[in-house]
$ cat structure_38.cif   # mmCIF, C-alpha atoms
data_entry
loop_
_atom_site.group_PDB
_atom_site.id
_atom_site.type_symbol
_atom_site.label_atom_id
_atom_site.label_comp_id
_atom_site.auth_asym_id
_atom_site.auth_seq_id
_atom_site.Cartn_x
_atom_site.Cartn_y
_atom_site.Cartn_z
ATOM 1 C CA ASP K 63 -11.434 -18.555 -2.017
ATOM 2 C CA GLY K 64 -11.727 -14.771 -2.338
ATOM 3 C CA GLY K 65 -8.819 -12.549 -3.100
ATOM 4 C CA ILE K 66 -6.750 -10.593 -5.553
ATOM 5 C CA THR K 67 -4.532 -12.277 -8.092
ATOM 6 C CA GLN K 68 -1.778 -10.727 -10.131
ATOM 7 C CA SER K 69 0.117 -12.258 -13.005
ATOM 8 C CA PRO K 70 2.788 -12.846 -13.870
ATOM 9 C CA LYS K 71 4.783 -12.882 -10.648
ATOM 10 C CA TYR K 72 7.966 -11.936 -12.500
ATOM 11 C CA LEU K 73 8.175 -10.133 -15.841
ATOM 12 C CA PHE K 74 11.140 -9.195 -17.953
ATOM 13 C CA ARG K 75 10.854 -6.543 -20.619
ATOM 14 C CA LYS K 76 13.194 -5.366 -23.285
ATOM 15 C CA GLU K 77 13.528 -1.654 -23.779
ATOM 16 C CA GLY K 78 10.939 -0.316 -26.203
ATOM 17 C CA GLN K 79 8.362 -2.990 -25.441
ATOM 18 C CA ASN K 80 4.933 -2.526 -23.959
ATOM 19 C CA VAL K 81 3.901 -5.049 -21.336
ATOM 20 C CA THR K 82 0.584 -5.673 -19.603
ATOM 21 C CA LEU K 83 0.219 -6.693 -15.977
ATOM 22 C CA SER K 84 -2.919 -8.536 -14.977
ATOM 23 C CA CYS K 85 -4.992 -7.907 -11.851
ATOM 24 C CA GLU K 86 -8.162 -9.813 -11.022
ATOM 25 C CA GLN K 87 -10.317 -9.746 -7.888
ATOM 26 C CA ASN K 88 -13.300 -11.808 -6.798
ATOM 27 C CA LEU K 89 -14.106 -9.768 -3.710
ATOM 28 C CA ASN K 90 -16.906 -7.884 -5.486
ATOM 29 C CA HIS K 91 -15.043 -4.638 -4.801
ATOM 30 C CA ASP K 92 -15.928 -1.578 -6.837
ATOM 31 C CA ALA K 93 -12.603 0.227 -6.510
ATOM 32 C CA MET K 94 -9.244 -0.923 -7.797
ATOM 33 C CA TYR K 95 -5.792 0.643 -7.685
ATOM 34 C CA TRP K 96 -2.306 0.277 -9.110
ATOM 35 C CA TYR K 97 0.782 1.206 -7.122
ATOM 36 C CA ARG K 98 4.459 1.131 -7.825
ATOM 37 C CA GLN K 99 7.089 0.424 -5.168
ATOM 38 C CA ASP K 100 10.778 1.125 -5.600
ATOM 39 C CA PRO K 101 13.441 -0.102 -3.147
ATOM 40 C CA GLY K 102 13.388 1.871 0.080
ATOM 41 C CA GLN K 103 10.396 3.899 -1.030
ATOM 42 C CA GLY K 104 6.767 4.030 -0.176
ATOM 43 C CA LEU K 105 3.999 2.993 -2.526
ATOM 44 C CA ARG K 106 3.089 5.520 -5.185
ATOM 45 C CA LEU K 107 -0.316 5.573 -6.879
ATOM 46 C CA ILE K 108 -0.331 5.105 -10.650
ATOM 47 C CA TYR K 109 -4.041 4.833 -11.531
ATOM 48 C CA TYR K 110 -7.281 4.092 -9.733
ATOM 49 C CA SER K 111 -10.810 3.204 -10.709
ATOM 50 C CA GLN K 112 -13.960 3.558 -8.630
ATOM 51 C CA ILE K 113 -16.345 2.051 -11.148
ATOM 52 C CA VAL K 114 -16.374 0.078 -14.381
ATOM 53 C CA ASN K 115 -15.424 2.080 -17.493
ATOM 54 C CA ASP K 116 -13.997 4.914 -15.413
ATOM 55 C CA PHE K 117 -10.509 5.537 -14.064
ATOM 56 C CA GLN K 118 -8.334 8.438 -12.956
ATOM 57 C CA LYS K 119 -4.648 9.201 -12.979
ATOM 58 C CA GLY K 120 -2.741 8.941 -9.771
ATOM 59 C CA ASP K 121 0.487 10.669 -8.865
ATOM 60 C CA ILE K 122 2.760 8.969 -11.408
ATOM 61 C CA ALA K 123 0.573 8.017 -14.402
ATOM 62 C CA GLU K 124 2.986 9.057 -17.157
ATOM 63 C CA GLY K 125 4.043 6.084 -19.260
ATOM 64 C CA TYR K 126 1.218 3.855 -18.011
ATOM 65 C CA SER K 127 -2.282 3.051 -19.211
ATOM 66 C CA VAL K 128 -5.201 1.085 -17.759
ATOM 67 C CA SER K 129 -8.646 -0.159 -18.665
ATOM 68 C CA ARG K 130 -11.633 -1.180 -16.555
ATOM 69 C CA GLU K 131 -14.011 -3.088 -18.800
ATOM 70 C CA LYS K 132 -15.083 -5.520 -16.083
ATOM 71 C CA LYS K 133 -15.613 -5.014 -12.386
ATOM 72 C CA GLU K 134 -13.194 -7.789 -11.466
ATOM 73 C CA SER K 135 -10.347 -6.827 -13.798
ATOM 74 C CA PHE K 136 -7.986 -3.831 -13.928
ATOM 75 C CA PRO K 137 -4.987 -4.492 -16.213
ATOM 76 C CA LEU K 138 -2.033 -2.112 -16.286
ATOM 77 C CA THR K 139 0.060 -1.537 -19.408
ATOM 78 C CA VAL K 140 3.582 -0.270 -18.967
ATOM 79 C CA THR K 141 4.437 1.492 -22.191
ATOM 80 C CA SER K 142 7.794 2.226 -23.752
ATOM 81 C CA ALA K 143 7.274 5.852 -22.687
ATOM 82 C CA GLN K 144 7.882 4.867 -19.070
ATOM 83 C CA LYS K 145 11.567 5.702 -18.652
ATOM 84 C CA ASN K 146 12.312 3.704 -15.523
ATOM 85 C CA PRO K 147 9.806 0.861 -15.304
ATOM 86 C CA THR K 148 11.821 -1.576 -13.186
ATOM 87 C CA ALA K 149 9.841 -1.831 -9.956
ATOM 88 C CA PHE K 150 7.447 -3.917 -7.870
ATOM 89 C CA TYR K 151 3.871 -3.344 -9.062
ATOM 90 C CA LEU K 152 1.012 -3.809 -6.642
ATOM 91 C CA CYS K 153 -2.676 -3.993 -7.397
ATOM 92 C CA ALA K 154 -5.213 -3.303 -4.656
ATOM 93 C CA SER K 155 -8.961 -3.195 -4.296
ATOM 94 C CA SER K 156 -11.467 -1.762 -1.838
ATOM 95 C CA LEU K 157 -15.194 -2.006 -1.340
ATOM 96 C CA SER K 158 -16.219 1.340 -2.768
ATOM 97 C CA GLY K 159 -13.350 3.816 -2.809
ATOM 98 C CA GLY K 160 -15.820 6.489 -1.817
ATOM 99 C CA ALA K 161 -14.982 6.900 1.826
ATOM 100 C CA SER K 162 -11.807 7.555 3.728
ATOM 101 C CA THR K 163 -12.626 4.561 5.914
ATOM 102 C CA ASP K 164 -12.573 2.180 2.971
ATOM 103 C CA THR K 165 -9.823 -0.409 3.410
ATOM 104 C CA GLN K 166 -7.513 -1.429 0.594
ATOM 105 C CA TYR K 167 -6.306 -4.995 0.182
ATOM 106 C CA PHE K 168 -3.328 -5.897 -1.931
ATOM 107 C CA GLY K 169 -2.543 -8.608 -4.435
ATOM 108 C CA PRO K 170 0.772 -10.490 -4.353
ATOM 109 C CA GLY K 171 2.479 -8.140 -6.801
ATOM 110 C CA THR K 172 4.393 -8.354 -10.083
ATOM 111 C CA ARG K 173 8.102 -7.673 -10.195
ATOM 112 C CA LEU K 174 9.018 -6.050 -13.516
ATOM 113 C CA THR K 175 12.606 -5.878 -14.713
ATOM 114 C CA VAL K 176 13.770 -4.085 -17.831
ATOM 115 C CA LEU K 177 16.667 -5.816 -19.540
ATOM 116 C CA GLN F 254 8.200 18.008 4.018
ATOM 117 C CA LYS F 255 6.880 14.583 3.145
ATOM 118 C CA GLU F 256 3.161 14.001 3.603
ATOM 119 C CA VAL F 257 3.746 10.887 5.697
ATOM 120 C CA GLU F 258 7.025 10.379 7.526
ATOM 121 C CA GLN F 259 8.427 7.308 9.195
ATOM 122 C CA ASN F 260 11.848 6.526 10.572
ATOM 123 C CA SER F 261 13.348 3.980 8.200
ATOM 124 C CA GLY F 262 15.053 2.044 10.999
ATOM 125 C CA PRO F 263 15.958 -0.639 11.513
ATOM 126 C CA LEU F 264 14.307 -0.718 14.889
ATOM 127 C CA SER F 265 15.819 -3.603 16.825
ATOM 128 C CA VAL F 266 14.028 -5.133 19.801
ATOM 129 C CA PRO F 267 14.543 -8.394 21.685
ATOM 130 C CA GLU F 268 11.917 -11.108 21.588
ATOM 131 C CA GLY F 269 9.150 -10.446 24.080
ATOM 132 C CA ALA F 270 9.686 -6.692 24.193
ATOM 133 C CA ILE F 271 7.312 -3.947 23.065
ATOM 134 C CA ALA F 272 8.075 -2.453 19.658
ATOM 135 C CA SER F 273 6.919 1.114 19.102
ATOM 136 C CA LEU F 274 6.592 2.387 15.541
ATOM 137 C CA ASN F 275 5.800 6.013 14.830
ATOM 138 C CA CYS F 276 4.362 7.952 11.919
ATOM 139 C CA THR F 277 3.722 11.659 11.450
ATOM 140 C CA TYR F 278 1.607 13.291 8.763
ATOM 141 C CA SER F 279 1.360 16.806 7.443
ATOM 142 C CA ASP F 280 -2.230 17.100 6.188
ATOM 143 C CA ARG F 281 -4.609 18.129 8.975
ATOM 144 C CA GLY F 282 -7.492 17.007 6.755
ATOM 145 C CA SER F 283 -6.403 13.381 7.105
ATOM 146 C CA GLN F 284 -9.106 11.220 8.575
ATOM 147 C CA SER F 285 -8.147 7.561 8.357
ATOM 148 C CA PHE F 286 -4.912 5.863 9.269
ATOM 149 C CA PHE F 287 -3.753 2.403 8.332
ATOM 150 C CA TRP F 288 -0.865 0.162 9.316
ATOM 151 C CA TYR F 289 0.373 -2.456 6.879
ATOM 152 C CA ARG F 290 3.062 -5.073 7.379
ATOM 153 C CA GLN F 291 5.288 -6.016 4.468
ATOM 154 C CA TYR F 292 7.668 -8.947 4.519
ATOM 155 C CA SER F 293 10.653 -8.775 2.214
ATOM 156 C CA GLY F 294 9.609 -9.462 -1.368
ATOM 157 C CA LYS F 295 5.921 -9.705 -0.478
ATOM 158 C CA SER F 296 2.938 -7.395 -0.751
ATOM 159 C CA PRO F 297 1.594 -5.303 2.140
ATOM 160 C CA GLU F 298 -0.973 -6.874 4.423
ATOM 161 C CA LEU F 299 -3.314 -4.857 6.580
ATOM 162 C CA ILE F 300 -2.692 -4.992 10.324
ATOM 163 C CA MET F 301 -5.216 -2.468 11.535
ATOM 164 C CA PHE F 302 -6.764 0.924 10.990
ATOM 165 C CA ILE F 303 -7.810 3.772 13.262
ATOM 166 C CA TYR F 304 -10.083 6.753 12.698
ATOM 167 C CA SER F 305 -10.615 8.306 16.125
ATOM 168 C CA ASN F 306 -8.240 9.852 18.609
ATOM 169 C CA GLY F 307 -7.039 7.470 21.266
ATOM 170 C CA ASP F 308 -6.070 3.827 21.312
ATOM 171 C CA LYS F 309 -7.374 0.853 19.403
ATOM 172 C CA GLU F 310 -6.299 -2.642 20.368
ATOM 173 C CA ASP F 311 -6.316 -5.821 18.291
ATOM 174 C CA GLY F 312 -4.541 -8.755 19.878
ATOM 175 C CA ARG F 313 -0.871 -7.878 20.361
ATOM 176 C CA PHE F 314 -1.233 -4.709 18.311
ATOM 177 C CA THR F 315 -2.329 -1.282 19.532
ATOM 178 C CA ALA F 316 -2.724 1.723 17.269
ATOM 179 C CA GLN F 317 -2.603 5.170 18.841
ATOM 180 C CA LEU F 318 -3.825 8.326 17.125
ATOM 181 C CA ASN F 319 -3.268 11.929 18.148
ATOM 182 C CA LYS F 320 -4.749 14.253 15.539
ATOM 183 C CA ALA F 321 -3.755 17.426 17.390
ATOM 184 C CA SER F 322 -0.096 16.411 17.207
ATOM 185 C CA GLN F 323 -0.542 14.716 13.826
ATOM 186 C CA TYR F 324 0.988 11.407 14.698
ATOM 187 C CA VAL F 325 -0.075 7.822 14.726
ATOM 188 C CA SER F 326 1.810 4.959 16.291
ATOM 189 C CA LEU F 327 1.725 1.187 16.361
ATOM 190 C CA LEU F 328 2.710 -0.796 19.434
ATOM 191 C CA ILE F 329 3.502 -4.482 19.151
ATOM 192 C CA ARG F 330 3.485 -6.286 22.480
ATOM 193 C CA ASP F 331 5.389 -9.502 23.103
ATOM 194 C CA SER F 332 7.315 -9.061 19.864
ATOM 195 C CA GLN F 333 8.192 -12.256 18.018
ATOM 196 C CA PRO F 334 10.893 -12.917 15.407
ATOM 197 C CA SER F 335 8.036 -13.444 12.935
ATOM 198 C CA ASP F 336 7.122 -9.767 13.419
ATOM 199 C CA SER F 337 10.376 -8.808 11.689
ATOM 200 C CA ALA F 338 9.188 -6.897 8.629
ATOM 201 C CA THR F 339 8.717 -3.405 7.279
ATOM 202 C CA TYR F 340 5.715 -1.559 8.673
ATOM 203 C CA LEU F 341 4.011 0.939 6.407
ATOM 204 C CA CYS F 342 1.875 3.794 7.660
ATOM 205 C CA ALA F 343 -0.819 5.046 5.260
ATOM 206 C CA VAL F 344 -3.096 8.046 5.567
ATOM 207 C CA SER F 345 -6.225 9.077 3.683
ATOM 208 C CA ARG F 346 -8.313 12.212 3.459
ATOM 209 C CA ALA F 347 -12.048 12.547 3.588
ATOM 210 C CA GLY F 348 -14.073 11.929 0.472
ATOM 211 C CA PHE F 349 -12.009 9.343 -1.303
ATOM 212 C CA GLN F 350 -9.851 6.560 -0.109
ATOM 213 C CA LYS F 351 -6.633 7.692 -1.750
ATOM 214 C CA LEU F 352 -3.859 6.462 0.471
ATOM 215 C CA VAL F 353 -0.560 8.246 0.966
ATOM 216 C CA PHE F 354 2.126 5.891 2.220
ATOM 217 C CA GLY F 355 5.199 6.479 4.299
ATOM 218 C CA THR F 356 8.428 4.770 3.314
ATOM 219 C CA GLY F 357 8.113 2.292 6.159
ATOM 220 C CA THR F 358 10.022 1.319 9.272
ATOM 221 C CA ARG F 359 12.004 -1.896 9.270
ATOM 222 C CA LEU F 360 11.571 -3.870 12.481
ATOM 223 C CA LEU F 361 14.003 -6.562 13.567
ATOM 224 C CA VAL F 362 13.062 -8.820 16.471
ATOM 225 C CA SER F 363 15.963 -10.870 17.746
ATOM 226 C CA PRO F 364 15.447 -14.245 19.503
#
$ encode --input "structure_38.cif" --output "structure tokens"
Amino acid sequence: DGGITQSPKYLFRKEGQNVTLSCEQNLNHDAMYWYRQDPGQGLRLIYYSQIVNDFQKGDIAEGYSVSREKKESFPLTVTSAQKNPTAFYLCASSLSGGASTDTQYFGPGTRLTVL
Amino acid sequence: QKEVEQNSGPLSVPEGAIASLNCTYSDRGSQSFFWYRQYSGKSPELIMFIYSNGDKEDGRFTAQLNKASQYVSLLIRDSQPSDSATYLCAVSRAGFQKLVFGTGTRLLVSP
């Protein structure tokens, strides 16, 4: 059963804590992405990776970090430097990320709340 | 000016009617256009994509692209209450599939 999994589904963080969101895919996709969605807003790109051991900042990378040690995994760490981390976090993947026709598919998301 | 603009809605249509959702974009270099559906509290799911000017049909859905006027639309025929969701328009440029999303249009289909 191919797809993208994200865990946990809900996450609560105290101020000052770092938390890591998991994203795994078994679609054999090269490219992976992290987005953030706030109520009433569109998705905003945090980080993306086109290949293992390489990733680039998106539009709102401050306060976040990622790693891409395996093709199927792209974890996102929300650091204490992120001032307003409460949001819905979405992971996506696409076949190659090298063409504008490449289609992105989304995981189920993680809802992060700062207490 | 936002890169991708959508009317936030809600757009209300009766069951069985045609729902028309519109999206405009500012970057003339945009090449690929995607429509996603997002139910409340869920992640976006791809409905369809379009690359060329004109119409593209997939079941009850038709995407229309007009690059000269910089707009893309999604028509939903025979709308059903289960179509009630937020519809996100996304646009990408040539070279890399970095999507820019609109804020979405909320569609309500009443029985």
$ resolve_selection --input "structure_38.cif" --expression "the PyMOL selection byres ((chain K) within 10 of (chain F))" --output "VMD selection string"
chain K and resid 93 95 99 to 107 110 112 120 150 to 154 156 158 to 173
$ resolve_selection --input "structure_38.cif" --expression "the PyMOL selection byres ((chain F and resi 273) around 9)" --output "PyMOL selection string"
chain F and resi 264+271-272+274-275+326-330
$ axis_aligned_box --input "structure_38.cif" --around "stretch 141-149 of chain K" --padding-each-side "4 Å" --output "lines of an AutoDock Vina configuration file"
center_x = 8.4
center_y = 2.0
center_z = -16.9
size_x = 15.9
size_y = 15.7
size_z = 21.8
$ decode --input "structure_38.cif" --residues "stretch 66-174 of chain K" --atoms "C-alpha atoms" --output "PDB file, in the first residue's frame"
ATOM      1  CA  ILE K  66       3.017   9.083   2.496  1.00  0.00           C
ATOM      2  CA  THR K  67       2.778   8.788   6.246  1.00  0.00           C
ATOM      3  CA  GLN K  68       3.223  11.510   8.802  1.00  0.00           C
ATOM      4  CA  SER K  69       3.469  11.154  12.545  1.00  0.00           C
ATOM      5  CA  PRO K  70       2.258  12.088  14.972  1.00  0.00           C
ATOM      6  CA  LYS K  71      -1.166  13.273  13.861  1.00  0.00           C
ATOM      7  CA  TYR K  72      -1.355  15.732  16.755  1.00  0.00           C
ATOM      8  CA  LEU K  73       1.593  17.225  18.636  1.00  0.00           C
ATOM      9  CA  PHE K  74       1.708  19.548  21.589  1.00  0.00           C
ATOM     10  CA  ARG K  75       4.832  21.507  22.388  1.00  0.00           C
ATOM     11  CA  LYS K  76       5.799  23.667  25.280  1.00  0.00           C
ATOM     12  CA  GLU K  77       7.489  26.935  24.510  1.00  0.00           C
ATOM     13  CA  GLY K  78      11.249  26.546  24.227  1.00  0.00           C
ATOM     14  CA  GLN K  79      11.121  22.930  23.095  1.00  0.00           C
ATOM     15  CA  ASN K  80      12.297  21.502  19.817  1.00  0.00           C
ATOM     16  CA  VAL K  81      10.032  18.929  18.217  1.00  0.00           C
ATOM     17  CA  THR K  82      10.516  16.662  15.213  1.00  0.00           C
ATOM     18  CA  LEU K  83       7.788  15.750  12.755  1.00  0.00           C
ATOM     19  CA  SER K  84       8.169  12.532  10.820  1.00  0.00           C
ATOM     20  CA  CYS K  85       7.477  12.046   7.112  1.00  0.00           C
ATOM     21  CA  GLU K  86       7.969   8.752   5.303  1.00  0.00           C
ATOM     22  CA  GLN K  87       7.085   7.751   1.741  1.00  0.00           C
ATOM     23  CA  ASN K  88       7.221   4.439  -0.087  1.00  0.00           C
ATOM     24  CA  LEU K  89       6.398   5.824  -3.515  1.00  0.00           C
ATOM     25  CA  ASN K  90      10.059   5.802  -4.583  1.00  0.00           C
ATOM     26  CA  HIS K  91       9.839   9.562  -5.121  1.00  0.00           C
ATOM     27  CA  ASP K  92      13.046  11.559  -5.279  1.00  0.00           C
ATOM     28  CA  ALA K  93      11.617  14.899  -4.172  1.00  0.00           C
ATOM     29  CA  MET K  94      10.060  15.723  -0.831  1.00  0.00           C
ATOM     30  CA  TYR K  95       8.607  18.924   0.590  1.00  0.00           C
ATOM     31  CA  TRP K  96       7.398  20.467   3.827  1.00  0.00           C
ATOM     32  CA  TYR K  97       4.591  23.009   3.912  1.00  0.00           C
ATOM     33  CA  ARG K  98       2.889  24.928   6.640  1.00  0.00           C
ATOM     34  CA  GLN K  99      -0.794  25.878   6.555  1.00  0.00           C
ATOM     35  CA  ASP K 100      -2.369  28.463   8.817  1.00  0.00           C
ATOM     36  CA  PRO K 101      -6.146  28.987   9.083  1.00  0.00           C
ATOM     37  CA  GLY K 102      -7.536  30.734   6.029  1.00  0.00           C
ATOM     38  CA  GLN K 103      -4.165  30.753   4.317  1.00  0.00           C
ATOM     39  CA  GLY K 104      -2.573  28.912   1.489  1.00  0.00           C
ATOM     40  CA  LEU K 105       0.253  26.440   1.894  1.00  0.00           C
ATOM     41  CA  ARG K 106       3.684  27.954   2.359  1.00  0.00           C
ATOM     42  CA  LEU K 107       6.882  26.072   1.523  1.00  0.00           C
ATOM     43  CA  ILE K 108       9.316  25.526   4.390  1.00  0.00           C
ATOM     44  CA  TYR K 109      11.993  23.236   2.905  1.00  0.00           C
ATOM     45  CA  TYR K 110      12.338  20.916  -0.058  1.00  0.00           C
ATOM     46  CA  SER K 111      14.718  18.206  -1.148  1.00  0.00           C
ATOM     47  CA  GLN K 112      15.270  16.862  -4.648  1.00  0.00           C
ATOM     48  CA  ILE K 113      17.794  14.200  -3.727  1.00  0.00           C
ATOM     49  CA  VAL K 114      19.236  12.407  -0.717  1.00  0.00           C
ATOM     50  CA  ASN K 115      21.672  14.481   1.372  1.00  0.00           C
ATOM     51  CA  ASP K 116      20.568  17.712  -0.282  1.00  0.00           C
ATOM     52  CA  PHE K 117      17.841  20.192   0.610  1.00  0.00           C
ATOM     53  CA  GLN K 118      17.002  23.850   0.078  1.00  0.00           C
ATOM     54  CA  LYS K 119      15.171  26.502   2.023  1.00  0.00           C
ATOM     55  CA  GLY K 120      11.715  27.451   0.951  1.00  0.00           C
ATOM     56  CA  ASP K 121       9.909  30.696   1.611  1.00  0.00           C
ATOM     57  CA  ILE K 122       9.634  30.418   5.401  1.00  0.00           C
ATOM     58  CA  ALA K 123      12.602  28.310   6.586  1.00  0.00           C
ATOM     59  CA  GLU K 124      13.532  30.391   9.636  1.00  0.00           C
ATOM     60  CA  GLY K 125      13.135  28.400  12.838  1.00  0.00           C
ATOM     61  CA  TYR K 126      13.000  25.040  11.049  1.00  0.00           C
ATOM     62  CA  SER K 127      15.554  22.409  10.107  1.00  0.00           C
ATOM     63  CA  VAL K 128      15.442  19.225   8.023  1.00  0.00           C
ATOM     64  CA  SER K 129      17.576  16.267   7.060  1.00  0.00           C
ATOM     65  CA  ARG K 130      17.440  13.862   4.125  1.00  0.00           C
ATOM     66  CA  GLU K 131      19.601  10.879   4.998  1.00  0.00           C
ATOM     67  CA  LYS K 132      17.333   8.363   3.274  1.00  0.00           C
ATOM     68  CA  LYS K 133      15.286   8.641   0.120  1.00  0.00           C
ATOM     69  CA  GLU K 134      12.073   7.678   1.895  1.00  0.00           C
ATOM     70  CA  SER K 135      12.422   9.948   4.927  1.00  0.00           C
ATOM     71  CA  PHE K 136      12.372  13.739   5.361  1.00  0.00           C
ATOM     72  CA  PRO K 137      11.924  14.737   9.030  1.00  0.00           C
ATOM     73  CA  LEU K 138      11.229  18.339   9.997  1.00  0.00           C
ATOM     74  CA  THR K 139      12.408  19.843  13.284  1.00  0.00           C
ATOM     75  CA  VAL K 140      10.561  22.844  14.620  1.00  0.00           C
ATOM     76  CA  THR K 141      13.031  24.661  16.817  1.00  0.00           C
ATOM     77  CA  SER K 142      12.450  27.048  19.682  1.00  0.00           C
ATOM     78  CA  ALA K 143      13.523  29.839  17.312  1.00  0.00           C
ATOM     79  CA  GLN K 144      10.244  29.488  15.428  1.00  0.00           C
ATOM     80  CA  LYS K 145       8.138  32.216  17.031  1.00  0.00           C
ATOM     81  CA  ASN K 146       4.696  31.074  15.942  1.00  0.00           C
ATOM     82  CA  PRO K 147       4.833  27.334  15.302  1.00  0.00           C
ATOM     83  CA  THR K 148       1.166  26.479  15.853  1.00  0.00           C
ATOM     84  CA  ALA K 149      -0.021  25.309  12.442  1.00  0.00           C
ATOM     85  CA  PHE K 150      -0.932  22.337  10.258  1.00  0.00           C
ATOM     86  CA  TYR K 151       2.234  20.815   8.774  1.00  0.00           C
ATOM     87  CA  LEU K 152       2.038  18.958   5.494  1.00  0.00           C
ATOM     88  CA  CYS K 153       4.650  16.759   3.899  1.00  0.00           C
ATOM     89  CA  ALA K 154       4.523  16.056   0.169  1.00  0.00           C
ATOM     90  CA  SER K 155       6.517  14.113  -2.366  1.00  0.00           C
ATOM     91  CA  SER K 156       6.877  14.037  -6.140  1.00  0.00           C
ATOM     92  CA  LEU K 157       8.618  11.815  -8.637  1.00  0.00           C
ATOM     93  CA  SER K 158      11.602  13.999  -9.417  1.00  0.00           C
ATOM     94  CA  GLY K 159      10.976  17.637  -8.558  1.00  0.00           C
ATOM     95  CA  GLY K 160      12.849  18.561 -11.699  1.00  0.00           C
ATOM     96  CA  ALA K 161       9.997  19.504 -13.962  1.00  0.00           C
ATOM     97  CA  SER K 162       7.084  21.862 -13.666  1.00  0.00           C
ATOM     98  CA  THR K 163       4.802  18.994 -14.657  1.00  0.00           C
ATOM     99  CA  ASP K 164       5.825  16.918 -11.662  1.00  0.00           C
ATOM    100  CA  THR K 165       2.829  16.271  -9.411  1.00  0.00           C
ATOM    101  CA  GLN K 166       3.005  16.571  -5.644  1.00  0.00           C
ATOM    102  CA  TYR K 167       1.101  14.232  -3.355  1.00  0.00           C
ATOM    103  CA  PHE K 168       0.444  15.022   0.263  1.00  0.00           C
ATOM    104  CA  GLY K 169       0.596  13.086   3.498  1.00  0.00           C
ATOM    105  CA  PRO K 170      -2.190  13.326   6.090  1.00  0.00           C
ATOM    106  CA  GLY K 171      -0.514  16.130   8.030  1.00  0.00           C
ATOM    107  CA  THR K 172       0.553  16.871  11.607  1.00  0.00           C
ATOM    108  CA  ARG K 173      -1.264  19.463  13.659  1.00  0.00           C
ATOM    109  CA  LEU K 174       1.180  21.192  16.013  1.00  0.00           C
TER     110      LEU K 174
END
